[in-house]
Amino acid sequence: MINLGQKRHWALIINYFIGASIVFATSIKLAKPIASPDLWWHMALGRYFIDTGTLIADHSIFTWSNATSHHTYNSWVSDISLYLLYESSGVGGLLFLRYAIFLAILVMPLRFSVTKNVADNALAWVVIALGISLCWPSLLVKPELFSMGMMFLIVWLYYRARAIGDDAWKSVYLIPLIMVVWVNTHGAFFLSSLFFASTFVGELFNMMFSSSQAMSAKLRKHYFIALLLCALATLINPYGMDLPLSIINLVTSEGAQDYRGIKAYLPTYMFNEPPFFLLDYLILLMIVFVVLIWQKLKIRMTDWVVIISFIAYCVLFTQMIRTTYFLAPVFMFASLDLLSSKKNSILWPEKYIYKYTIIVIALLLVCLIVWRALIYEFSAITDPVGRVEAMLKIEHEFPQAESEFIRDNMPGKNIGNSYHDGGYLIYQLWPDKKLFVDPRYFPFKSWIKSFLGLSLEGGKIDSFIKNNDADAWLINHKRAVLIEWFIQSNQWSLAFIGPVGCVFVPSKEFSGMIEYSIELSKLNNIFILSEVFTAALMQNNIDLAKNLRTYTQDNVHDGHVYKDLFISDLDAQILGMEALTKGEYRQAAELFSNSNFIKYAKVLSAKLYRTFAIDAWNTKNYSIAREWSIAAYVVMPEKILPDIYNLVLTDWHSRNSSENALLPDDGIEWKGFAELLIKNKKKTDDENLSSVAESMLRGNYNGDAYLYQHSGYKSKSKE
């Protein structure tokens, strides 16, 4: 690297250490399995494009459900590239792509720091570390990865041209060529327009108000021509003018709100979660940028390009999580450019004591960023061989065993499925089988929210399943409410249990034997084990529950912080299941209520408490019914309106009967909960809940309401 001089050899060592730490942290951060459900349907599209010879997809062809066929969605370059890479090199090829792109976005700012002669300043490494940290949320292998790389290329070419001067005029014409590729790779290309607009306006302002920072007339002329060509490049796609117009319409219309239900499209300011800490890093990089820009402003050198572009992309950063990485190249190259201004800068002090102070501050900041990155990747450091082996496998969250069962046992069937599983299933099963839905979202906008929001409390599952008549359903274990409905249904029977989900077939076609995936015996992840255990608990399948307990004991690493607690929890749930079998319901309810890992155990406990409340209600023992209703409300992980309703009803009857004097002073009083019911009445389809509460508050309730046995189902018991 840059020679810092004999007297400062230790500073050189620190610089090397900082650089190596960033590279190491980035390498470990990238050491993750392929986990994007979007990847599979992108590769399915790539295969479709190659097989059919078209670049315009019929988006209804993969599914049997009601899907719209035409969308101006253009990603054929990335779709075909990912498909060919996977088919030729498998998972390893996709991992290589991820590492290659991140290596490129690390090398470009490093090379620019050498060009600007700032590589020997430790603050340059702070800038690079902060920029890379903004890219970590974009680890998933999908077209978005290409967008990140191309955004870096464009910003690098611009700042490189500024640094080199007139001799770089030819290189600016690479920018529209990159845009031609990007337009056909990923729809996020349009967000580069902010950078083009910022540089155009900024260069004009520099020319008028800050000539020392402006491009030369020759270079500016060629750059502006290149910008015009970039606009024309957006038309070079299979859809022509329709593509940019559709994107403009999406961004400016109310249709953009359709995607706000997806986490990746939510505003970034709503999250500062580990391991990314996006808002923390935004604040830190803003502080760094302000310090850097101030060093120029105080000597009356205003660079309008860096100011306008930085502000624009900071605003974009806050709008949605999916666009955070666009700020990274803008911040990195602008900051390195600002750092090169050494005149009267406190960042380039003459005295060694101040130089070393800057090095120490930079070292501490980079160590903080690196430590935050690595603390969540401990297993990759302690067991690198195991991590590499895991990386080279298809991620456990994809329904591999389930798709094999469907392929072997259900030829030509229409398969119903959970949203996130659709991409993998399409890649594995289409065209022999059509699926219900996949994570593309946009072909299913007319009904997808109703499917994602299905719950027992709403009582809409029956009608939805009847209106979408599949030959079989694969329900992901994460959709516990749907699995519970299918298990309780008389029309459907559980045919297969895998690590990812359950396959249900019409009861009239069920052979009478449940098949269990051999992959269950290999599970070593507590979260997945808990999801499968939930399915066992819903069936009261004690044999499967005991097997899962054995798999936990044998497969989960002994050093796992939650292993012993989890096994103890499973033991309690198995005892609860055995108590249910024996008819010892109160003991079962108590065992289920103490679960820490199996959320459904508390749900089941609440159902039992509601049953006890019904029994007491039938004998008009209202104070006991009140106690059980409170128990159901307290134990339930998510407070639901039927439990609140039962609490209101039993408390009112207790206070308006001879039992009133016996009620404990527990702070539970029906009026406050009745007001809560009325406030949330739009969240349920049963108007009876709020109407009873309203009549109570008005003082004209006649005492003839029903209790609810469980969410969405009315008890037959009546006063």
# chains A, B, ... in the order shown; residues from 1 in each chain; ligands from 1

call {"tool": "residues_around", "arguments": {"residues": "A:Lys508", "least_positions_apart": "2", "cutoff": "12 Å", "atoms": "only C-alpha atoms", "output": "PyMOL selection string"}}
result
chain A and resi 471-472+490-495+504-506+510-512

call {"tool": "write_last_selection", "arguments": {"atoms": "N, CA and C atoms", "output": "PDB file, in the first residue's frame"}}
result
ATOM      1  N   ASP A 471     -56.092 -29.699  -5.989  1.00  0.00           N
ATOM      2  CA  ASP A 471     -56.085 -31.154  -5.840  1.00  0.00           C
ATOM      3  C   ASP A 471     -55.349 -31.576  -4.572  1.00  0.00           C
ATOM      4  N   ALA A 472     -54.449 -30.742  -4.110  1.00  0.00           N
ATOM      5  CA  ALA A 472     -53.711 -30.986  -2.866  1.00  0.00           C
ATOM      6  C   ALA A 472     -53.152 -29.651  -2.402  1.00  0.00           C
ATOM      7  N   ASN A 490     -62.886 -31.890   7.916  1.00  0.00           N
ATOM      8  CA  ASN A 490     -63.341 -33.235   7.555  1.00  0.00           C
ATOM      9  C   ASN A 490     -63.086 -33.541   6.084  1.00  0.00           C
ATOM     10  N   GLN A 491     -62.868 -32.503   5.295  1.00  0.00           N
ATOM     11  CA  GLN A 491     -62.689 -32.699   3.853  1.00  0.00           C
ATOM     12  C   GLN A 491     -61.232 -32.977   3.463  1.00  0.00           C
ATOM     13  N   TRP A 492     -60.294 -32.686   4.373  1.00  0.00           N
ATOM     14  CA  TRP A 492     -58.874 -32.830   4.045  1.00  0.00           C
ATOM     15  C   TRP A 492     -58.179 -33.715   5.072  1.00  0.00           C
ATOM     16  N   SER A 493     -57.176 -34.456   4.588  1.00  0.00           N
ATOM     17  CA  SER A 493     -56.404 -35.339   5.468  1.00  0.00           C
ATOM     18  C   SER A 493     -54.915 -35.082   5.265  1.00  0.00           C
ATOM     19  N   LEU A 494     -54.174 -35.187   6.348  1.00  0.00           N
ATOM     20  CA  LEU A 494     -52.729 -34.984   6.312  1.00  0.00           C
ATOM     21  C   LEU A 494     -52.057 -36.220   5.706  1.00  0.00           C
ATOM     22  N   ALA A 495     -51.325 -36.027   4.595  1.00  0.00           N
ATOM     23  CA  ALA A 495     -50.702 -37.148   3.896  1.00  0.00           C
ATOM     24  C   ALA A 495     -49.194 -37.199   4.084  1.00  0.00           C
ATOM     25  N   PHE A 504     -51.608 -31.854   2.344  1.00  0.00           N
ATOM     26  CA  PHE A 504     -52.957 -32.330   2.616  1.00  0.00           C
ATOM     27  C   PHE A 504     -53.618 -32.755   1.314  1.00  0.00           C
ATOM     28  N   VAL A 505     -54.355 -33.856   1.366  1.00  0.00           N
ATOM     29  CA  VAL A 505     -55.089 -34.355   0.205  1.00  0.00           C
ATOM     30  C   VAL A 505     -56.555 -34.493   0.595  1.00  0.00           C
ATOM     31  N   PRO A 506     -57.475 -34.519  -0.386  1.00  0.00           N
ATOM     32  CA  PRO A 506     -58.889 -34.742  -0.053  1.00  0.00           C
ATOM     33  C   PRO A 506     -59.063 -36.044   0.717  1.00  0.00           C
ATOM     34  N   PHE A 510     -57.405 -40.188   0.628  1.00  0.00           N
ATOM     35  CA  PHE A 510     -56.344 -40.474   1.605  1.00  0.00           C
ATOM     36  C   PHE A 510     -56.220 -41.981   1.833  1.00  0.00           C
ATOM     37  N   SER A 511     -54.983 -42.472   1.821  1.00  0.00           N
ATOM     38  CA  SER A 511     -54.731 -43.904   1.966  1.00  0.00           C
ATOM     39  C   SER A 511     -54.828 -44.375   3.409  1.00  0.00           C
ATOM     40  N   GLY A 512     -54.832 -43.446   4.340  1.00  0.00           N
ATOM     41  CA  GLY A 512     -54.916 -43.813   5.742  1.00  0.00           C
ATOM     42  C   GLY A 512     -53.587 -43.833   6.463  1.00  0.00           C
TER      43      GLY A 512
END

call {"tool": "residues_around", "arguments": {"residues": "A:Met151", "least_positions_apart": "3", "cutoff": "8 Å", "atoms": "only C-alpha atoms", "output": "ChimeraX atom specification"}}
result
/A:147-148,154-155,192,326,329

call {"tool": "write_last_selection", "arguments": {"atoms": "C-alpha atoms", "output": "tab-separated table (two decimals), in the first residue's frame"}}
result
chain	number	residue	atom	x	y	z
A	147	SER	CA	-28.40	-3.62	-9.57
A	148	MET	CA	-26.03	-2.97	-6.70
A	154	ILE	CA	-21.86	4.09	-12.77
A	155	VAL	CA	-20.92	6.20	-9.75
A	192	SER	CA	-30.09	5.75	-11.01
A	326	PHE	CA	-28.05	2.91	-3.44
A	329	PRO	CA	-21.61	4.17	-3.70

call {"tool": "closest_atom_pairs", "arguments": {"of": "stretch 209-299 of chain A", "to": "stretch 46-69 of chain A", "cutoff": "10 Å", "atoms": "only C-alpha atoms", "output": "JSON lines"}}
result
{"residue": "A:Asn237", "atom": "CA", "partner": "A:Leu55", "partner_atom": "CA", "distance": 9.1}
{"residue": "A:Pro238", "atom": "CA", "partner": "A:Leu55", "partner_atom": "CA", "distance": 6.5}
{"residue": "A:Tyr239", "atom": "CA", "partner": "A:Ile56", "partner_atom": "CA", "distance": 7.8}

call {"tool": "write_last_selection", "arguments": {"atoms": "C-alpha atoms", "output": "PDB file, in the first residue's frame"}}
result
ATOM      1  CA  ASN A 237     -35.931  -3.466 -23.984  1.00  0.00           C
ATOM      2  CA  PRO A 238     -38.599  -5.932 -25.134  1.00  0.00           C
ATOM      3  CA  TYR A 239     -41.393  -3.602 -23.981  1.00  0.00           C
TER       4      TYR A 239
END

call {"tool": "atom_distance", "arguments": {"atom1": "atom CA of A:Phe566", "atom2": "atom CA of A:Gln553"}}
result
9.7 Å

call {"tool": "closest_residue", "arguments": {"among": "A:Leu452, A:Ala579, A:Ile394, A:Ala44", "to": "A:Phe464", "atoms": "only C-alpha atoms"}}
result
A:Leu452

call {"tool": "residues_around", "arguments": {"residues": "A:Glu203", "least_positions_apart": "5", "cutoff": "9 Å", "atoms": "only C-alpha atoms", "output": "list in words"}}
result
Ser198, Met208, Gln213, Ala214, Met215, Arg220, Asp303, Trp304 and Val305 of chain A

call {"tool": "select_by_dssp", "arguments": {"residues": "stretch 393-443 of chain A", "states": "alpha helix (DSSP H)", "output": "list of chain:residue names"}}
result
A:Gln400, A:Ala401, A:Glu402, A:Ser403, A:Glu404, A:Phe405, A:Ile406, A:Arg407, A:Asp408, A:Asn409, A:Gly422, A:Gly423, A:Tyr424, A:Leu425, A:Ile426, A:Tyr427, A:Gln428, A:Leu429

call {"tool": "atom_distance", "arguments": {"atom1": "atom CA of A:Leu85", "atom2": "atom CA of A:Pro37"}}
result
17.0 Å

call {"tool": "atom_distance", "arguments": {"atom1": "atom CA of A:His560", "atom2": "atom CA of A:Asn524"}}
result
10.5 Å

call {"tool": "residues_around", "arguments": {"residues": "stretch 269-274 of chain A", "least_positions_apart": "3", "cutoff": "12 Å", "atoms": "only C-alpha atoms", "output": "ChimeraX atom specification"}}
result
/A:133,136-137,263-266,277-283,314-321,324,369,372-377

call {"tool": "write_last_selection", "arguments": {"atoms": "N, CA, C and O atoms", "output": "CSV table (one decimal), in the first residue's frame"}}
result
chain,number,residue,atom,x,y,z
A,133,SER,N,-21.1,-1.7,4.8
A,133,SER,CA,-22.1,-2.1,5.7
A,133,SER,C,-23.6,-1.8,5.2
A,133,SER,O,-24.5,-2.5,5.6
A,136,TRP,N,-24.8,-4.8,3.0
A,136,TRP,CA,-25.0,-6.2,3.6
A,136,TRP,C,-26.5,-6.6,3.6
A,136,TRP,O,-26.7,-7.8,3.4
A,137,PRO,N,-27.5,-5.7,3.6
A,137,PRO,CA,-28.8,-6.2,3.5
A,137,PRO,C,-29.1,-6.8,2.1
A,137,PRO,O,-30.1,-7.5,1.9
A,263,LYS,N,-42.1,-6.5,3.8
A,263,LYS,CA,-41.2,-5.9,4.6
A,263,LYS,C,-40.1,-5.1,3.8
A,263,LYS,O,-39.7,-4.0,4.2
A,264,ALA,N,-39.6,-5.7,2.7
A,264,ALA,CA,-38.6,-5.0,1.9
A,264,ALA,C,-39.0,-3.7,1.4
A,264,ALA,O,-38.1,-2.8,1.1
A,265,TYR,N,-40.3,-3.4,1.3
A,265,TYR,CA,-40.8,-2.1,0.8
A,265,TYR,C,-41.2,-1.2,1.9
A,265,TYR,O,-41.8,-0.1,1.6
A,266,LEU,N,-41.0,-1.5,3.2
A,266,LEU,CA,-41.4,-0.7,4.3
A,266,LEU,C,-40.3,0.4,4.5
A,266,LEU,O,-39.2,0.2,4.1
A,277,PHE,N,-28.4,-2.8,11.5
A,277,PHE,CA,-28.3,-1.5,12.2
A,277,PHE,C,-28.3,-0.3,11.2
A,277,PHE,O,-27.5,0.6,11.2
A,278,LEU,N,-29.3,-0.3,10.2
A,278,LEU,CA,-29.2,0.6,9.1
A,278,LEU,C,-29.3,2.1,9.6
A,278,LEU,O,-28.6,2.9,9.0
A,279,LEU,N,-30.1,2.4,10.5
A,279,LEU,CA,-30.3,3.8,11.0
A,279,LEU,C,-29.0,4.2,11.7
A,279,LEU,O,-28.6,5.4,11.6
A,280,ASP,N,-28.4,3.3,12.5
A,280,ASP,CA,-27.2,3.7,13.2
A,280,ASP,C,-26.1,4.1,12.2
A,280,ASP,O,-25.4,5.1,12.3
A,281,TYR,N,-26.0,3.3,11.1
A,281,TYR,CA,-24.9,3.6,10.1
A,281,TYR,C,-25.3,4.8,9.3
A,281,TYR,O,-24.4,5.5,8.9
A,282,LEU,N,-26.6,5.0,9.1
A,282,LEU,CA,-27.0,6.2,8.4
A,282,LEU,C,-26.6,7.5,9.2
A,282,LEU,O,-26.0,8.4,8.6
A,283,ILE,N,-26.8,7.5,10.5
A,283,ILE,CA,-26.4,8.6,11.3
A,283,ILE,C,-24.9,8.8,11.3
A,283,ILE,O,-24.4,9.9,11.2
A,314,CYS,N,-29.9,10.0,0.6
A,314,CYS,CA,-30.3,9.9,2.0
A,314,CYS,C,-31.8,9.8,2.1
A,314,CYS,O,-32.3,9.0,2.9
A,315,VAL,N,-32.5,10.7,1.4
A,315,VAL,CA,-33.9,10.6,1.4
A,315,VAL,C,-34.4,9.3,0.9
A,315,VAL,O,-35.3,8.7,1.5
A,316,LEU,N,-33.9,8.8,-0.2
A,316,LEU,CA,-34.3,7.5,-0.8
A,316,LEU,C,-34.0,6.4,0.2
A,316,LEU,O,-34.8,5.5,0.4
A,317,PHE,N,-32.9,6.5,0.9
A,317,PHE,CA,-32.5,5.5,1.9
A,317,PHE,C,-33.6,5.3,2.9
A,317,PHE,O,-33.9,4.2,3.4
A,318,THR,N,-34.3,6.4,3.3
A,318,THR,CA,-35.3,6.3,4.4
A,318,THR,C,-36.7,5.7,3.9
A,318,THR,O,-37.5,5.3,4.7
A,319,GLN,N,-36.8,5.7,2.5
A,319,GLN,CA,-38.1,5.3,2.0
A,319,GLN,C,-38.5,3.9,2.1
A,319,GLN,O,-39.6,3.5,2.3
A,320,MET,N,-37.5,3.0,1.8
A,320,MET,CA,-37.8,1.6,1.9
A,320,MET,C,-36.5,0.8,2.0
A,320,MET,O,-35.4,1.2,1.5
A,321,ILE,N,-36.6,-0.3,2.7
A,321,ILE,CA,-35.4,-1.1,3.1
A,321,ILE,C,-34.7,-1.6,1.8
A,321,ILE,O,-33.5,-1.7,1.7
A,324,THR,N,-31.8,0.7,0.2
A,324,THR,CA,-30.7,1.3,1.1
A,324,THR,C,-29.4,1.3,0.5
A,324,THR,O,-28.5,2.1,0.7
A,369,ILE,N,-17.8,-1.5,13.6
A,369,ILE,CA,-18.6,-2.0,12.4
A,369,ILE,C,-18.3,-3.4,12.2
A,369,ILE,O,-19.2,-4.2,12.0
A,372,ARG,N,-19.8,-5.6,15.0
A,372,ARG,CA,-21.2,-5.7,14.9
A,372,ARG,C,-21.6,-6.7,13.8
A,372,ARG,O,-22.6,-7.4,13.8
A,373,ALA,N,-20.7,-6.8,12.7
A,373,ALA,CA,-21.0,-7.7,11.6
A,373,ALA,C,-20.7,-9.1,12.0
A,373,ALA,O,-21.4,-10.0,11.7
A,374,LEU,N,-19.6,-9.3,12.8
A,374,LEU,CA,-19.2,-10.7,13.1
A,374,LEU,C,-19.9,-11.3,14.3
A,374,LEU,O,-19.9,-12.5,14.4
A,375,ILE,N,-20.4,-10.5,15.2
A,375,ILE,CA,-21.0,-11.1,16.4
A,375,ILE,C,-22.2,-12.0,16.1
A,375,ILE,O,-22.6,-12.9,16.8
A,376,TYR,N,-22.8,-11.7,14.9
A,376,TYR,CA,-24.0,-12.6,14.5
A,376,TYR,C,-23.5,-13.7,13.5
A,376,TYR,O,-24.4,-14.4,13.0
A,377,GLU,N,-22.2,-13.8,13.3
A,377,GLU,CA,-21.7,-14.9,12.5
A,377,GLU,C,-20.7,-15.7,13.2
A,377,GLU,O,-19.8,-16.2,12.6

call {"tool": "closest_residue", "arguments": {"among": "A:Glu669, A:Tyr16, A:Leu123, A:Trp41", "to": "A:Gly422", "atoms": "only C-alpha atoms"}}
result
A:Trp41

call {"tool": "closest_residue", "arguments": {"among": "A:Leu194, A:Ile164, A:Leu677, A:Ile128", "to": "A:Ala312", "atoms": "only C-alpha atoms"}}
result
A:Leu194
